[in-house]
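Structure first, commentary second.
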Number of protein chains: 2
Amino acid sequence: MTVHRTELTPVSFLRRSAFVHSDRTAVVHGERRHSYRELGERAERLASALRTTGLERGDRVAFLCPNIPALLEAHFGVPAAGGVLVAINYRLSAGEVAYILDHSGARFAFVDRELEHLLADVDASALEIVRVDDTGAAGDPYEDFLAKGSPEPGAAPVDDEEETIAIDYTSGTTGRPKGVMYTHRGAYLNALSGALSVGLGPESSFLWTLPMFHCNGWCFTWAVTAVGGRHVCLRKVEPERVWELFDAEGVTHYNAAPTVQTALVADERAHRLEREVLTAIGGAPPSPTLLGRLGELGIRAIHLYGLTETYGPATICERKDGWDELPVAELAQLVGRQGVQHVTADAVRVVDAGGGEVPADGQTLGEVLMRGNTVTKGYFEDPEATAAAFEGGWFHSGDLAVRHPDGYIEIRDRKKDIVISGGENVSTVEVEHAVARHPAVSEAAVVAIPDERWGERPKAFVELRDGETATEEDILEFCRGELAGYKRPAAVELCELPKTSTGKVRKHALRDREWAGRERRVN
Amino acid sequence: MTVHRTELTPVSFLRRSAFVHSDRTAVVHGERRHSYRELGERAERLASALRTTGLERGDRVAFLCPNIPALLEAHFGVPAAGGVLVAINYRLSAGEVAYILDHSGARFAFVDRELEHLLADVDASALEIVRVDDTGAAGDPYEDFLAKGSPEPGAAPVDDEEETIAIDYTSGTTGRPKGVMYTHRGAYLNALSGALSVGLGPESSFLWTLPMFHCNGWCFTWAVTAVGGRHVCLRKVEPERVWELFDAEGVTHYNAAPTVQTALVADERAHRLEREVLTAIGGAPPSPTLLGRLGELGIRAIHLYGLTETYGPATICERKDGWDELPVAELAQLVGRQGVQHVTADAVRVVDAGGGEVPADGQTLGEVLMRGNTVTKGYFEDPEATAAAFEGGWFHSGDLAVRHPDGYIEIRDRKKDIVISGGENVSTVEVEHAVARHPAVSEAAVVAIPDERWGERPKAFVELRDGETATEEDILEFCRGELAGYKRPAAVELCELPKTSTGKVRKHALRDREWAGRERRVN
């Protein structure tokens, strides 16, 4: 045993907080409250019960749960047992869930009482299934499972910090979901970055509006625990309930995508908060309207960017001196950029087709590449996809960005979504933003369609706001004032946008339709 | 090159901040200001110039400087060059400095203009000496040295994060100073703990009242840089100047031992600060008087504990819910405890002579043992001392502590200082605290003296406050009301206490005198 070396693992965060912050409230869930001592004991019981039920080092343990205490406990109990957590998106179909359980080779599946239907397609013979009633009381099968275990901490969970702690499946906008492997080391480091970037401490009260299954809650399951902050659980993100908890639980932090944020600020219970709440926004940049409204309510927004492959947040748009004094439209432009690497991440590259760094001119598009301790160690049992993503020793994000003169990057498109019209790159994100500025438009999705003369041109699929009316021609006309000619949509179609279970528009479905009957999907 | 693995090193903190916080002020030194871009370029220049001047991987580079920009730059430039920083205590004698330069095998010595006399005993033929005039302008030999280097970042500084980044020599209260080796990994992790434990962020303004040579400023050289905070340098800790900087530079954080804190709060310029300042106190627990006075001035104190061998802070006395409402005397008792492990440190043990954990009764003394990533990897070129300190796979701190029922530890004595009287342990710290409660007493040091009947008994050496008078008998009489009979001093002697260059009382000198002519130093 080397005196100066201990393998990094987020399990140590809970073991420490269970000891240091023993009497402090760790978890709030409706009427239930657990101190850190209790949270620690529950996680150790889970670990112990998994081991006595036959879990072996490296076995996968699936959880299908909303943001309830059981899923938080799994983030410590499963790795403490030497297992690998597979927290599954419960908005998937039963078929997708069956694929993930099968592909991951999970030996256990813990499933919330409201989600049992998602196991309809599963081969239950290979799997031990435990229902989670979320009562916290005896008789709940999950609680009875915990009762079999010992509350005493077991041995160190890993011999090597680069062992896998979790497999997070991609949302699979194209093809089958891929199993992104997280290491104990990466999770530990990204959690510390998360805590530092939003200023978490023992006095923090963190509201779980972001799904814990989503990149392990961007590693905030571990980050909040590391500092001894309070986890406020939430079965469903109901804006009314969120505003109630903001006040009742003295919430200081929450994370959410813009869509959730928009629903929150639009709620009739929205009111200016007594002390500043900090929110990390990811998934898409906040609009000026959203940013302005958050500010009015006393909520300060930080924009983070990343992918499942980067443990959630890889970059942060750190606010610079003077930004706070800017008009909100200008501020939104700056805050909407994806920014710079997290404190524990390596510098991000933006490279052209030849692999060279693009100039920091805010114009030239390149692909975002990452490497470092908080990049996945690969796709589970998929060496081909791993090799493709890791070509040249860097992770290829598939996102296209520009680099601004101050070094901050700004994502302009997914690589596969970009429209190449007459040799010029047209960012579908830019076109979408322009279309969405039309007052009647709720949301827009732009894809490339084939064009005889230009090769490709953009087409906009548009959802209108409730009660609003606008014709396709109105929107085309509106775009004349917003976009250069070659960027303007060749066509507009009013429709309901097809979306994935995580709320992303399934652009490939739109694209497939437009390119049906062709051999290639580019022109 | 593995995509998901980058060696941890604090050099990455500056490289990131130079990029992310490029225009933000990194360093304030009188009229001088450096942005993070400039700090980054200066550190890279130092690295580059060291390499072109012949520095090879692993070579030691000594710095003998007060808390000036050059010493801060050395914390990044030296490791960026692949070198090992030896920041030397400038309160040592020329002989001690010569010993350290020789023992470390330093190839370079950078010495402040006011400290050149400390090189009087050095064999200058083996050493390249560069004077630091601390002007920041051409003509300053240090600046001319930097001018030889390139401001561009070089390659990754290490192939293995467990390589040595710094050697910090112990103060040597007994025997020769020992060279404590810090790794890149340990420094990185302890810096993140430091930043989290006091809540450092980009808006922080950190005043350098703690010497940077002291455990690399408890790793705050790296911590403040990691978050892009501001370093406010200080050639000398003059209380008047400190109060001026508190206001002028919007200081949010500083670290210091109680002696320095006491001088600060006693200064006539002391005034209540507009916004709360956070101070980490180490070296000794804060007295109730000091804690109360700090609170009145708007300064919140956190008590940290550690040794050179633990990169400075290893434990933190985290405040629990409700403490803030306690009367200051009670609060001081709680805050004065050494607490619990830092977030990146392993749990601390307190063991009896048989190696078993002492009960958490607040009574039973045991030695404090540590292990983990933030414990030294050993003493430089001293395998025997390393083996002795690491016996049984744990670092033996030599400090004796009790563990309280809440798990917090409290140091009661140095192992070698404890008095064993009639078979009972008497904590010299406890006796010192009792004696110091006498209103005329400024400071007390207690050592064991031989006693025919009891084996050993405590004796108190006492300095009186300026202008106060009290006899030895007065103090003996006072102790009757403060201490149980077997703990009371057998004798009191008024004197000036002998101290080391870092201000610690040289108890072994007092003890030597009392035990002169005896073969053993225990009875």
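Ordering of the structure tokens sets the chain letters (A, B, ...); residue numbers start at 1 within each chain; ligands are numbered from 1 in the order shown.
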
Report task. With a cut-off of 6 Å and counting only C-alpha atoms, select all residues of chain A in contact with chain B and give the selection as a VMD selection string. Result -> chain A and resid 3 to 6 371 to 373 375 377 393 to 394

**Report entry** alpha helix (DSSP H) positions in stretch 31-92 of chain B, given as number ranges by chain
**Finding:** B: 36-52, 69-80

Take the residues from that selection and write them out as an mmCIF file, in the first residue's frame, keeping N, CA and C atoms.
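Below you can see selection-v6.cif, which holds the result:
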data_model
loop_
_atom_site.group_PDB
_atom_site.id
_atom_site.type_symbol
_atom_site.label_atom_id
_atom_site.label_comp_id
_atom_site.auth_asym_id
_atom_site.auth_seq_id
_atom_site.Cartn_x
_atom_site.Cartn_y
_atom_site.Cartn_z
ATOM 1 N N TYR B 36 -3.916 37.847 -16.287
ATOM 2 C CA TYR B 36 -3.598 36.417 -16.358
ATOM 3 C C TYR B 36 -2.810 36.083 -17.616
ATOM 4 N N ARG B 37 -3.076 36.791 -18.698
ATOM 5 C CA ARG B 37 -2.280 36.548 -19.903
ATOM 6 C C ARG B 37 -0.815 36.820 -19.606
ATOM 7 N N GLU B 38 -0.580 37.966 -18.946
ATOM 8 C CA GLU B 38 0.815 38.332 -18.636
ATOM 9 C C GLU B 38 1.449 37.357 -17.643
ATOM 10 N N LEU B 39 0.693 36.993 -16.625
ATOM 11 C CA LEU B 39 1.240 36.032 -15.653
ATOM 12 C C LEU B 39 1.614 34.738 -16.375
ATOM 13 N N GLY B 40 0.716 34.301 -17.265
ATOM 14 C CA GLY B 40 0.990 33.086 -18.024
ATOM 15 C C GLY B 40 2.249 33.228 -18.870
ATOM 16 N N GLU B 41 2.365 34.363 -19.552
ATOM 17 C CA GLU B 41 3.542 34.564 -20.409
ATOM 18 C C GLU B 41 4.826 34.637 -19.589
ATOM 19 N N ARG B 42 4.729 35.270 -18.427
ATOM 20 C CA ARG B 42 5.928 35.379 -17.585
ATOM 21 C C ARG B 42 6.358 34.007 -17.072
ATOM 22 N N ALA B 43 5.389 33.199 -16.683
ATOM 23 C CA ALA B 43 5.730 31.858 -16.195
ATOM 24 C C ALA B 43 6.326 31.008 -17.325
ATOM 25 N N GLU B 44 5.740 31.130 -18.535
ATOM 26 C CA GLU B 44 6.284 30.352 -19.664
ATOM 27 C C GLU B 44 7.691 30.834 -20.028
ATOM 28 N N ARG B 45 7.901 32.145 -19.928
ATOM 29 C CA ARG B 45 9.244 32.686 -20.180
ATOM 30 C C ARG B 45 10.249 32.121 -19.177
ATOM 31 N N LEU B 46 9.829 32.071 -17.941
ATOM 32 C CA LEU B 46 10.715 31.513 -16.911
ATOM 33 C C LEU B 46 11.055 30.064 -17.259
ATOM 34 N N ALA B 47 10.010 29.288 -17.635
ATOM 35 C CA ALA B 47 10.226 27.881 -17.987
ATOM 36 C C ALA B 47 11.185 27.767 -19.167
ATOM 37 N N SER B 48 10.900 28.539 -20.190
ATOM 38 C CA SER B 48 11.702 28.476 -21.405
ATOM 39 C C SER B 48 13.143 28.888 -21.126
ATOM 40 N N ALA B 49 13.317 29.963 -20.367
ATOM 41 C CA ALA B 49 14.674 30.440 -20.064
ATOM 42 C C ALA B 49 15.429 29.429 -19.210
ATOM 43 N N LEU B 50 14.732 28.775 -18.280
ATOM 44 C CA LEU B 50 15.392 27.742 -17.468
ATOM 45 C C LEU B 50 15.879 26.607 -18.365
ATOM 46 N N ARG B 51 15.006 26.216 -19.302
ATOM 47 C CA ARG B 51 15.402 25.103 -20.180
ATOM 48 C C ARG B 51 16.592 25.484 -21.054
ATOM 49 N N THR B 52 16.531 26.689 -21.612
ATOM 50 C CA THR B 52 17.646 27.070 -22.496
ATOM 51 C C THR B 52 18.930 27.301 -21.690
ATOM 52 N N PRO B 69 5.766 38.757 -7.055
ATOM 53 C CA PRO B 69 5.354 38.058 -8.281
ATOM 54 C C PRO B 69 6.323 36.971 -8.727
ATOM 55 N N ALA B 70 7.620 37.202 -8.564
ATOM 56 C CA ALA B 70 8.596 36.213 -9.048
ATOM 57 C C ALA B 70 8.362 34.850 -8.394
ATOM 58 N N LEU B 71 8.073 34.850 -7.091
ATOM 59 C CA LEU B 71 7.892 33.569 -6.404
ATOM 60 C C LEU B 71 6.595 32.894 -6.853
ATOM 61 N N LEU B 72 5.576 33.702 -7.110
ATOM 62 C CA LEU B 72 4.329 33.126 -7.645
ATOM 63 C C LEU B 72 4.591 32.517 -9.027
ATOM 64 N N GLU B 73 5.295 33.258 -9.862
ATOM 65 C CA GLU B 73 5.615 32.767 -11.210
ATOM 66 C C GLU B 73 6.405 31.462 -11.154
ATOM 67 N N ALA B 74 7.275 31.369 -10.150
ATOM 68 C CA ALA B 74 8.093 30.163 -10.000
ATOM 69 C C ALA B 74 7.243 28.917 -9.777
ATOM 70 N N HIS B 75 6.079 29.100 -9.141
ATOM 71 C CA HIS B 75 5.213 27.953 -8.865
ATOM 72 C C HIS B 75 4.659 27.316 -10.134
ATOM 73 N N PHE B 76 4.734 28.050 -11.235
ATOM 74 C CA PHE B 76 4.266 27.516 -12.516
ATOM 75 C C PHE B 76 5.425 27.349 -13.496
ATOM 76 N N GLY B 77 6.301 28.341 -13.529
ATOM 77 C CA GLY B 77 7.404 28.305 -14.487
ATOM 78 C C GLY B 77 8.381 27.176 -14.220
ATOM 79 N N VAL B 78 8.697 26.945 -12.948
ATOM 80 C CA VAL B 78 9.662 25.884 -12.642
ATOM 81 C C VAL B 78 9.095 24.509 -13.026
ATOM 82 N N PRO B 79 7.877 24.150 -12.562
ATOM 83 C CA PRO B 79 7.356 22.846 -13.015
ATOM 84 C C PRO B 79 7.071 22.793 -14.508
ATOM 85 N N ALA B 80 6.693 23.915 -15.120
ATOM 86 C CA ALA B 80 6.449 23.899 -16.569
ATOM 87 C C ALA B 80 7.722 23.553 -17.326
#

Query raised in the report: Looking at only C-alpha atoms, which of A:Gly362, A:Pro327, A:Pro157, A:Gly149 is the one that sits closest to A:Thr53?
Result: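 Closest candidate: A:Gly149.
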
Requested in this report: May I ask for the distance between atom CA of B:Gly95 and atom CA of B:Phe108, given in Å to one decimal place?
Outcome: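 Separating atom CA of B:Gly95 from atom CA of B:Phe108 is a distance of 17.6 Å.
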
Env of A:Tyr305: 6 Å cut, atoms = only C-alpha atoms, seq-sep filter 4 positions within chain, self excluded. Answer as a PDB file with C-alpha atoms, in the first residue's frame.
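out.pdb, written as the output of this step:
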ATOM      1  CA  GLY A 282     -27.090  23.290 -20.914  1.00  0.00           C
ATOM      2  CA  PRO A 313     -20.261  19.805 -18.982  1.00  0.00           C
ATOM      3  CA  ALA A 314     -16.943  20.131 -20.783  1.00  0.00           C
ATOM      4  CA  THR A 315     -16.956  23.866 -21.292  1.00  0.00           C
ATOM      5  CA  GLN A 338     -20.147  27.605 -25.286  1.00  0.00           C
TER       6      GLN A 338
END

Requested in this report: Apply DSSP to the backbone of this structure and, from stretch 263-485 of chain A, keep only the residues in strand (DSSP E); write these as a PyMOL selection string.
Outcome: chain A and resi 277-281+299-307+312-316+340-341+349-351+366-370+395-403+409-414+419-421+424-426+441-451+455-464

Report task. Just the residues within 12 Å of B:Cys65, please, counting only C-alpha atoms, with nothing from its chain fewer than 6 positions along; format it as a PyMOL selection string. Result -> chain B and resi 71-74+86-91+109-116+118+130-134+142+211-214+233-236

Write a file of the selected residues as a compact mmCIF listing (two decimals), in the first residue's frame, keeping C-alpha atoms.
# COMPACT_ATOMS: atom_id res chain seq x y z
CA LEU B 71 7.89 33.57 -6.40
CA LEU B 72 4.33 33.13 -7.64
CA GLU B 73 5.62 32.77 -11.21
CA ALA B 74 8.09 30.16 -10.00
CA VAL B 86 12.49 24.60 -3.71
CA ALA B 87 10.95 27.68 -2.10
CA ILE B 88 13.13 28.43 0.90
CA ASN B 89 12.15 30.08 4.15
CA TYR B 90 14.00 33.40 4.14
CA ARG B 91 13.93 33.62 7.90
CA ALA B 109 18.93 29.98 -6.92
CA PHE B 110 16.76 33.04 -7.46
CA VAL B 111 17.27 35.44 -4.59
CA ASP B 112 15.51 38.64 -3.68
CA ARG B 113 17.62 41.81 -3.49
CA GLU B 114 17.13 42.01 0.27
CA LEU B 115 18.09 38.39 0.89
CA GLU B 116 21.44 38.04 -0.85
CA LEU B 118 21.53 34.45 2.99
CA VAL B 130 19.86 35.13 -10.32
CA ARG B 131 19.03 38.23 -8.29
CA VAL B 132 15.43 39.37 -8.19
CA ASP B 133 15.24 43.15 -7.78
CA ASP B 134 11.45 42.99 -7.74
CA TYR B 142 15.27 38.35 -12.99
CA PRO B 211 4.45 33.02 3.12
CA MET B 212 4.45 31.33 -0.27
CA PHE B 213 7.48 29.36 0.86
CA HIS B 214 5.35 27.77 3.56
CA CYS B 233 1.32 40.31 -3.20
CA LEU B 234 3.01 41.65 -0.10
CA ARG B 235 6.73 41.93 0.57
CA LYS B 236 6.17 42.24 4.31

Query raised in the report: Could you state the separation of atom CA of B:Ala81 and atom CA of B:Ala137 in Å, given to one decimal place?
Result: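 Straight-line distance from atom CA of B:Ala81 to atom CA of B:Ala137 works out to 22.9 Å.
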
Query raised in the report: What lies within 9 Å of A:Glu514 using only C-alpha atoms, ignoring chain neighbours under 2 positions off, as a list in words?
Result: Val447, Ala448, Ile449, Pro450, Ala509, Leu510, Arg511, Asp512, Ala516 and Gly517 of chain A

Limited to C-alpha atoms, could you put the picked residues into a file as a compact mmCIF listing (two decimals), in the first residue's frame?
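And here is the file that came out, part.txt:
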# COMPACT_ATOMS: atom_id res chain seq x y z
CA VAL A 447 -32.30 20.79 -42.47
CA ALA A 448 -30.58 20.63 -45.85
CA ILE A 449 -32.71 19.74 -48.86
CA PRO A 450 -31.36 18.91 -52.30
CA ALA A 509 -36.15 12.12 -39.62
CA LEU A 510 -36.93 15.42 -41.35
CA ARG A 511 -33.90 15.08 -43.52
CA ASP A 512 -34.67 11.47 -44.44
CA ALA A 516 -36.08 9.93 -49.79
CA GLY A 517 -35.25 7.99 -52.92

Query raised in the report: Hey, what's within 8 Å of stretch 494-508 of chain B if we count only C-alpha atoms and toss same-chain stuff fewer than 3 positions away? As a list in words, please?
Result: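 Listing them by chain and then by number gives Arg91, Leu92, Ser171, Thr173, Thr174, Asp417, Ala445, Val446, Val447, Phe461, Val462, Glu463, Leu464, Glu472, Arg511 and Asp512 of chain B.
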
Using N, CA and C atoms, can you export the residues from the last selection as a PDB file, in the first residue's frame?
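The file below, out-v1.pdb, is the result:
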ATOM      1  N   ARG B  91      13.597  33.280   6.517  1.00  0.00           N
ATOM      2  CA  ARG B  91      13.929  33.622   7.900  1.00  0.00           C
ATOM      3  C   ARG B  91      14.992  32.689   8.468  1.00  0.00           C
ATOM      4  N   LEU B  92      15.442  31.760   7.661  1.00  0.00           N
ATOM      5  CA  LEU B  92      16.501  30.857   8.102  1.00  0.00           C
ATOM      6  C   LEU B  92      17.840  31.602   8.126  1.00  0.00           C
ATOM      7  N   SER B 171      10.793  22.931   9.042  1.00  0.00           N
ATOM      8  CA  SER B 171      11.453  24.030   9.759  1.00  0.00           C
ATOM      9  C   SER B 171      12.577  23.517  10.648  1.00  0.00           C
ATOM     10  N   THR B 173      12.669  21.955  13.810  1.00  0.00           N
ATOM     11  CA  THR B 173      12.721  22.257  15.253  1.00  0.00           C
ATOM     12  C   THR B 173      13.639  21.271  15.941  1.00  0.00           C
ATOM     13  N   THR B 174      13.752  20.068  15.382  1.00  0.00           N
ATOM     14  CA  THR B 174      14.729  19.101  15.885  1.00  0.00           C
ATOM     15  C   THR B 174      15.542  18.635  14.698  1.00  0.00           C
ATOM     16  N   ASP B 417       6.495  16.139  23.014  1.00  0.00           N
ATOM     17  CA  ASP B 417       6.349  17.155  24.063  1.00  0.00           C
ATOM     18  C   ASP B 417       5.524  16.682  25.248  1.00  0.00           C
ATOM     19  N   ALA B 445       5.098  28.481  27.260  1.00  0.00           N
ATOM     20  CA  ALA B 445       5.549  27.213  26.674  1.00  0.00           C
ATOM     21  C   ALA B 445       5.813  26.261  27.826  1.00  0.00           C
ATOM     22  N   VAL B 446       5.269  25.064  27.699  1.00  0.00           N
ATOM     23  CA  VAL B 446       5.383  24.097  28.791  1.00  0.00           C
ATOM     24  C   VAL B 446       6.185  22.890  28.308  1.00  0.00           C
ATOM     25  N   VAL B 447       7.128  22.453  29.121  1.00  0.00           N
ATOM     26  CA  VAL B 447       7.873  21.224  28.797  1.00  0.00           C
ATOM     27  C   VAL B 447       7.909  20.349  30.048  1.00  0.00           C
ATOM     28  N   PHE B 461       7.313  28.084  30.940  1.00  0.00           N
ATOM     29  CA  PHE B 461       8.130  29.259  30.637  1.00  0.00           C
ATOM     30  C   PHE B 461       7.181  30.329  30.110  1.00  0.00           C
ATOM     31  N   VAL B 462       7.302  31.523  30.675  1.00  0.00           N
ATOM     32  CA  VAL B 462       6.244  32.509  30.452  1.00  0.00           C
ATOM     33  C   VAL B 462       6.807  33.865  30.028  1.00  0.00           C
ATOM     34  N   GLU B 463       6.193  34.423  28.962  1.00  0.00           N
ATOM     35  CA  GLU B 463       6.460  35.821  28.617  1.00  0.00           C
ATOM     36  C   GLU B 463       5.272  36.658  29.047  1.00  0.00           C
ATOM     37  N   LEU B 464       5.545  37.782  29.698  1.00  0.00           N
ATOM     38  CA  LEU B 464       4.446  38.667  30.113  1.00  0.00           C
ATOM     39  C   LEU B 464       4.147  39.687  29.022  1.00  0.00           C
ATOM     40  N   GLU B 472       6.174  34.732  39.476  1.00  0.00           N
ATOM     41  CA  GLU B 472       6.046  33.296  39.195  1.00  0.00           C
ATOM     42  C   GLU B 472       5.024  32.677  40.148  1.00  0.00           C
ATOM     43  N   ARG B 511      13.722  22.167  26.922  1.00  0.00           N
ATOM     44  CA  ARG B 511      13.778  20.834  27.514  1.00  0.00           C
ATOM     45  C   ARG B 511      15.228  20.405  27.733  1.00  0.00           C
ATOM     46  N   ASP B 512      16.055  20.672  26.718  1.00  0.00           N
ATOM     47  CA  ASP B 512      17.462  20.292  26.820  1.00  0.00           C
ATOM     48  C   ASP B 512      18.092  20.890  28.071  1.00  0.00           C
TER      49      ASP B 512
END

Query raised in the report: Could you name the residues that touch A:Glu31 at 12 Å or less, counting only C-alpha atoms, but leaving out those on the same chain fewer than 2 positions away, as a PyMOL selection string?
Result: chain A and resi 27-29+33-34+134-136+232-234+248-249

Report task. Just give me the gap between atom CA of B:Val97 and atom CA of B:Leu119 in Å, one decimal is fine. Result ->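 Pair atom CA of B:Val97 / atom CA of B:Leu119 returns 7.1 Å.
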